[in-house]
Amino acid sequence: TPPVVTLQLAGYEAALPVSEKSNPITQELDWANPMQVVQLLKECDAKIFQEEEEALLNYKRLYSQSVLETMTDIISKAQEVLKDPENGLIVLSGSGTSGRLSFLIANSFNKLLKGLGQLPHYTYIIAGGDSTAAEQLLLSPYKKSPKARWKRTLGLVRSCRNHTKPSPPAVGVGSAPHQPWSPQGWHLIASLGSSLHFTRLFLIFDGPEGIRGFSWMKGGSATKILLEMVLLAAHKVSRESEIQKSECLVEILRTYERAHTVICAHSRKIAALVKGAGMSTASEGLYMVGWPMLGLIEIMNDVECIPAFGADSKDVQGFLIGDHNDTFNKEMDLIAQGPQFAFSQEDFVKIILPSLTELNSVLFLFTLDNDLAEVEKLVIQVKEKTSNIQALSHATVGQYWLASLRKLFPAIISIMWPILFRDYEGNFIQKFQQELNTKWILNTVSPRAHILKGKILCNCMVDLLIGSSKLFWRAVSILQRFTGHSQARCLDSLLQVICDSEVLLDDLCNKEISTHILVATEKNKVIGI
């Protein structure tokens with residue numbers, strides 16, 4: 001029986017954004033065994049698909065009528081660009097989780113266009129510039145503003161000012177523009193003022209995260225689903241004009257909902273993966289090697305854990321196997337960034353493979369569309385160093401494993417997908433579902449690993465890296481939650497630790513929060529719990 005922990009939830013949580021609230025479903029997550037972790041987080045994710053009449057009135061989810069209507073409007077704007085690709089550009093933009101998902105989805109839809117024999121007209125912007133993007137994901141420099149030759153843009157970017165017909169919708173998932181928690185994106189919207197006419201601004205609240213504040217989990221999944229739904233529907237309707245936009249949206253959303261039920265059949269195997277991976281992470285480290293695009297999902301999951309859990313970059317390391325020349329911006333030399341940005345197959349073979357031991361675990365992520373002979377070759381190399389290997393694979397009905405490859409793995413999570421759509425866009429829906437299911441599974445691995453490392457109390461991260469204003473105020477609220485003291489007193493306590501001072505002098509109190517964040521970023525421990 002878990003010990004009774006006095007939680008001071010009344011009052012102060014009402015002022016927090018939804019994503020920062022405590023989820024009652026996972027209040028005892030830190031005492032859950034691997035199977036319970038899988039079940040509890042699966043229950044949290046199911047809220048994404050909750051029908052409007054079943055949901056709380058102040059939570060707008062993907063099935064909410066107002067959200068579906070807004071998405072229908074955005075489809076029309078996207079269609080304008082798709083009908084005039086020579087003069088159109090679709091820009092996906094964001095910071096942190098949103099920026100990483102912008103990268104992933106822009107790449108996916110450019111591949112869709114390539115398969116149709118069309119030039120790419122999706123691009124992305126990750127806030128923060130070259131170094132921030134490299135540190136966050138190893139994926140993207142700050143893309144320059146779209147050139148003046150584009151007559152229409154669809155996206156949330158400052159460069160919309162320079163275009164004759166910008167149509168930028170602003171989308172928020174999980175957090176409202178509420179001080180002092182306002183994400184930087186909301187400040188950007190306010191600063192642009194009347195210079196941009198936003199097509200629509202809408203928010204989705206899918207309820208508190210399973211791990212308080214870890215917006216990569218449910219918020220990231222909802223963002224991925226939303227963007228893929230809108231853009232897939234835009235492509236589908238552009239090619240088949242008789243299709244109703246709203247019906248197309250709901251049809252695609254239903255397939256994502258069915259995808260969530262797929263993992264139920266694999267709960268026991270996922271729990272075994274969670275147990276083994278968690279133990280490796282808590283001891284010598286877990287390595288994940290994935291083929292595109294699952295490899296990108298795996299790397300994004302690893303990177304999200306660093307600020308959220310105060311994780312070491314070596315706790316879980318992801319590597320992208322195979323050719324990815326068409327994935328990254330060619331103008332960025334990732335190798336020149338240094339060994340801390342190692343992520344390629346060559347990096348894994350040269351740096352990691354020689355030092356593997358039986359204390360390490362390696363998880364392989366791939367689909368049966370990948371080069372299975374290449375997978376087998378790498379598995380054989382790894383198995384010479386450690387027997388702790390597992391596979392997470394996706395296949396479509398009619399595809400089969402190589403018998404020799406299957407024999408190499410002591411544990412396999414093999415997800416078989418039915419053929420739902422026979423058209424071109426339908427094939428991409430299935431790829432997106434595979435990515436999302438991979439994300440859901442990895443979202444269960446990370447919390448269990450960090451529970452074992454003592455970084456989660458109840459369902460709250462207590463060892464986070466204070467590297468932004470959002471994380472700064474989260475640290476204050478964590479102290480409020482577990483002490484019951486006022487925000488002012490908890491703020492003073494936090495600043496005392498950051499400034500290494502038992503007494504807060506006026507000059508310290510009057511400094512900008514950003515100044516304290518710069519100091520806190522360099523400290524190993526800040527939250528005194």
# chains A, B, ... in the order shown; residues from 1 in each chain; ligands from 1
>>> residues_around(residues="Leu320 in chain A", least_positions_apart="2", cutoff="8 Å", atoms="only C-alpha atoms", output="list in words")
Val289, Gly290, Trp291, Pro292, Gly295, Leu296, Ile299, Gly318, Gly322, Phe343, Ser344 and Gln345 of chain A
>>> write_last_selection(atoms="N, CA and C atoms", output="PDB file, in the first residue's frame")
ATOM      1  N   VAL A 289      17.398   1.797 -31.349  1.00  0.00           N
ATOM      2  CA  VAL A 289      17.808   2.005 -32.737  1.00  0.00           C
ATOM      3  C   VAL A 289      16.577   1.813 -33.613  1.00  0.00           C
ATOM      4  N   GLY A 290      16.283   2.812 -34.420  1.00  0.00           N
ATOM      5  CA  GLY A 290      15.061   2.779 -35.209  1.00  0.00           C
ATOM      6  C   GLY A 290      15.288   3.200 -36.635  1.00  0.00           C
ATOM      7  N   TRP A 291      14.488   2.644 -37.508  1.00  0.00           N
ATOM      8  CA  TRP A 291      14.516   3.006 -38.921  1.00  0.00           C
ATOM      9  C   TRP A 291      13.456   4.080 -39.154  1.00  0.00           C
ATOM     10  N   PRO A 292      13.694   5.012 -40.102  1.00  0.00           N
ATOM     11  CA  PRO A 292      12.700   6.069 -40.355  1.00  0.00           C
ATOM     12  C   PRO A 292      11.343   5.441 -40.660  1.00  0.00           C
ATOM     13  N   GLY A 295      12.367   5.803 -36.031  1.00  0.00           N
ATOM     14  CA  GLY A 295      13.584   6.275 -35.394  1.00  0.00           C
ATOM     15  C   GLY A 295      13.481   7.721 -34.960  1.00  0.00           C
ATOM     16  N   LEU A 296      12.771   8.532 -35.732  1.00  0.00           N
ATOM     17  CA  LEU A 296      12.580   9.935 -35.360  1.00  0.00           C
ATOM     18  C   LEU A 296      11.688  10.051 -34.128  1.00  0.00           C
ATOM     19  N   ILE A 299      13.836   9.200 -31.116  1.00  0.00           N
ATOM     20  CA  ILE A 299      14.765  10.266 -30.734  1.00  0.00           C
ATOM     21  C   ILE A 299      14.013  11.414 -30.073  1.00  0.00           C
ATOM     22  N   GLY A 318      18.901   7.428 -28.472  1.00  0.00           N
ATOM     23  CA  GLY A 318      18.270   6.958 -29.689  1.00  0.00           C
ATOM     24  C   GLY A 318      19.167   7.148 -30.898  1.00  0.00           C
ATOM     25  N   GLY A 322      19.875   3.837 -41.194  1.00  0.00           N
ATOM     26  CA  GLY A 322      19.558   3.938 -42.613  1.00  0.00           C
ATOM     27  C   GLY A 322      19.826   5.319 -43.174  1.00  0.00           C
ATOM     28  N   PHE A 343      23.935  10.390 -33.470  1.00  0.00           N
ATOM     29  CA  PHE A 343      22.616   9.786 -33.598  1.00  0.00           C
ATOM     30  C   PHE A 343      22.507   8.847 -34.788  1.00  0.00           C
ATOM     31  N   SER A 344      23.533   8.759 -35.636  1.00  0.00           N
ATOM     32  CA  SER A 344      23.436   7.999 -36.875  1.00  0.00           C
ATOM     33  C   SER A 344      23.829   6.540 -36.668  1.00  0.00           C
ATOM     34  N   GLN A 345      23.591   5.731 -37.694  1.00  0.00           N
ATOM     35  CA  GLN A 345      23.988   4.328 -37.653  1.00  0.00           C
ATOM     36  C   GLN A 345      25.496   4.203 -37.471  1.00  0.00           C
TER      37      GLN A 345
END
>>> select_by_dssp(residues="range 259-304 of chain A", states="helix (DSSP H, G or I)", output="PDB file with C-alpha atoms, in the first residue's frame")
ATOM      1  CA  ALA A 259      -5.306   2.509 -33.421  1.00  0.00           C
ATOM      2  CA  HIS A 260      -5.373   3.235 -29.704  1.00  0.00           C
ATOM      3  CA  THR A 261      -7.270   0.008 -29.056  1.00  0.00           C
ATOM      4  CA  VAL A 262      -4.619  -1.983 -30.943  1.00  0.00           C
ATOM      5  CA  ILE A 263      -2.110  -1.677 -28.110  1.00  0.00           C
ATOM      6  CA  CYS A 264      -4.587  -3.266 -25.678  1.00  0.00           C
ATOM      7  CA  ALA A 265      -3.857  -6.685 -27.185  1.00  0.00           C
ATOM      8  CA  HIS A 266      -0.151  -6.221 -26.455  1.00  0.00           C
ATOM      9  CA  SER A 267      -0.379  -4.932 -22.874  1.00  0.00           C
ATOM     10  CA  ARG A 268       1.529  -7.828 -21.298  1.00  0.00           C
ATOM     11  CA  LYS A 269       4.418  -7.618 -23.747  1.00  0.00           C
ATOM     12  CA  ILE A 270       4.530  -3.836 -23.389  1.00  0.00           C
ATOM     13  CA  ALA A 271       4.637  -4.251 -19.602  1.00  0.00           C
ATOM     14  CA  ALA A 272       7.583  -6.650 -19.974  1.00  0.00           C
ATOM     15  CA  LEU A 273       9.348  -4.072 -22.154  1.00  0.00           C
ATOM     16  CA  VAL A 274       8.601  -1.348 -19.602  1.00  0.00           C
ATOM     17  CA  LYS A 275      10.078  -3.480 -16.803  1.00  0.00           C
ATOM     18  CA  GLY A 276      13.263  -4.439 -18.655  1.00  0.00           C
ATOM     19  CA  ALA A 277      13.881  -1.035 -20.200  1.00  0.00           C
ATOM     20  CA  GLY A 278      13.256   0.695 -16.888  1.00  0.00           C
ATOM     21  CA  MET A 279      15.830  -1.440 -15.107  1.00  0.00           C
ATOM     22  CA  SER A 280      18.422  -0.799 -17.832  1.00  0.00           C
ATOM     23  CA  THR A 281      17.823   2.943 -17.748  1.00  0.00           C
ATOM     24  CA  ALA A 282      18.190   2.969 -13.985  1.00  0.00           C
ATOM     25  CA  LEU A 294       9.997   5.299 -36.103  1.00  0.00           C
ATOM     26  CA  GLY A 295      13.584   6.275 -35.394  1.00  0.00           C
ATOM     27  CA  LEU A 296      12.580   9.935 -35.360  1.00  0.00           C
ATOM     28  CA  ILE A 297       9.757   9.241 -32.893  1.00  0.00           C
ATOM     29  CA  GLU A 298      12.229   7.409 -30.654  1.00  0.00           C
ATOM     30  CA  ILE A 299      14.765  10.266 -30.734  1.00  0.00           C
ATOM     31  CA  MET A 300      12.051  12.844 -30.028  1.00  0.00           C
ATOM     32  CA  ASN A 301      10.877  10.795 -27.047  1.00  0.00           C
ATOM     33  CA  ASP A 302      14.419  10.629 -25.658  1.00  0.00           C
ATOM     34  CA  VAL A 303      15.015  14.359 -26.069  1.00  0.00           C
ATOM     35  CA  GLU A 304      11.735  15.263 -24.342  1.00  0.00           C
TER      36      GLU A 304
END
>>> residues_around(residues="Glu69 in chain A", least_positions_apart="2", cutoff="12 Å", atoms="only C-alpha atoms", output="number ranges by chain")
A: 62-67, 71-76, 200, 202, 230, 245-247, 249-250
>>> residues_around(residues="Leu227 in chain A", least_positions_apart="5", cutoff="12 Å", atoms="only C-alpha atoms", output="number ranges by chain")
A: 62, 71-72, 74-75, 78, 90-93, 98, 101-106, 108-109, 155, 169-173, 220-222, 232-234, 249, 252-253, 432
>>> atom_distance(atom1="CA of Arg100 in chain A", atom2="CA of Arg212 in chain A")
20.3 Å
>>> select_by_dssp(residues="range 414-501 of chain A", states="strand (DSSP E or B)", output="ChimeraX atom specification")
/A:414-417,456-457,460-461
>>> residues_around(residues="range 405-417 of chain A", least_positions_apart="4", cutoff="7 Å", atoms="only C-alpha atoms", output="list of chain:residue names")
A:Lys269, A:Glu376, A:Ile389, A:Gln390, A:Ala391, A:Leu392, A:Ser393, A:His394, A:Ala395, A:Thr396, A:Val397, A:Trp401
>>> closest_residue(among="A:Asp369, A:Asp492, A:Glu435, A:Asp312", to="Ala475 in chain A", atoms="only C-alpha atoms")
A:Asp492
>>> atom_distance(atom1="CA of Lys218 in chain A", atom2="CA of Arg422 in chain A")
29.3 Å
>>> closest_residue(among="A:Ala15, A:Gly310, A:Lys42, A:Trp31", to="Glu522 in chain A", atoms="only C-alpha atoms")
A:Gly310
>>> residues_around(residues="Asp45 in chain A", least_positions_apart="4", cutoff="9 Å", atoms="only C-alpha atoms", output="PyMOL selection string")
chain A and resi 40-41+49+206+209-210+217-218+221+260+440
>>> residues_around(residues="Glu374 in chain A", least_positions_apart="4", cutoff="10 Å", atoms="only C-alpha atoms", output="list in words")
Ile321, Gly322, Asn370, Leu378 and Val379 of chain A
>>> atom_distance(atom1="CA of Arg448 in chain A", atom2="CA of Pro34 in chain A")
7.1 Å
>>> closest_residue(among="A:Leu368, A:Leu494, A:Cys499, A:Leu68", to="Gln480 in chain A", atoms="only C-alpha atoms")
A:Leu494
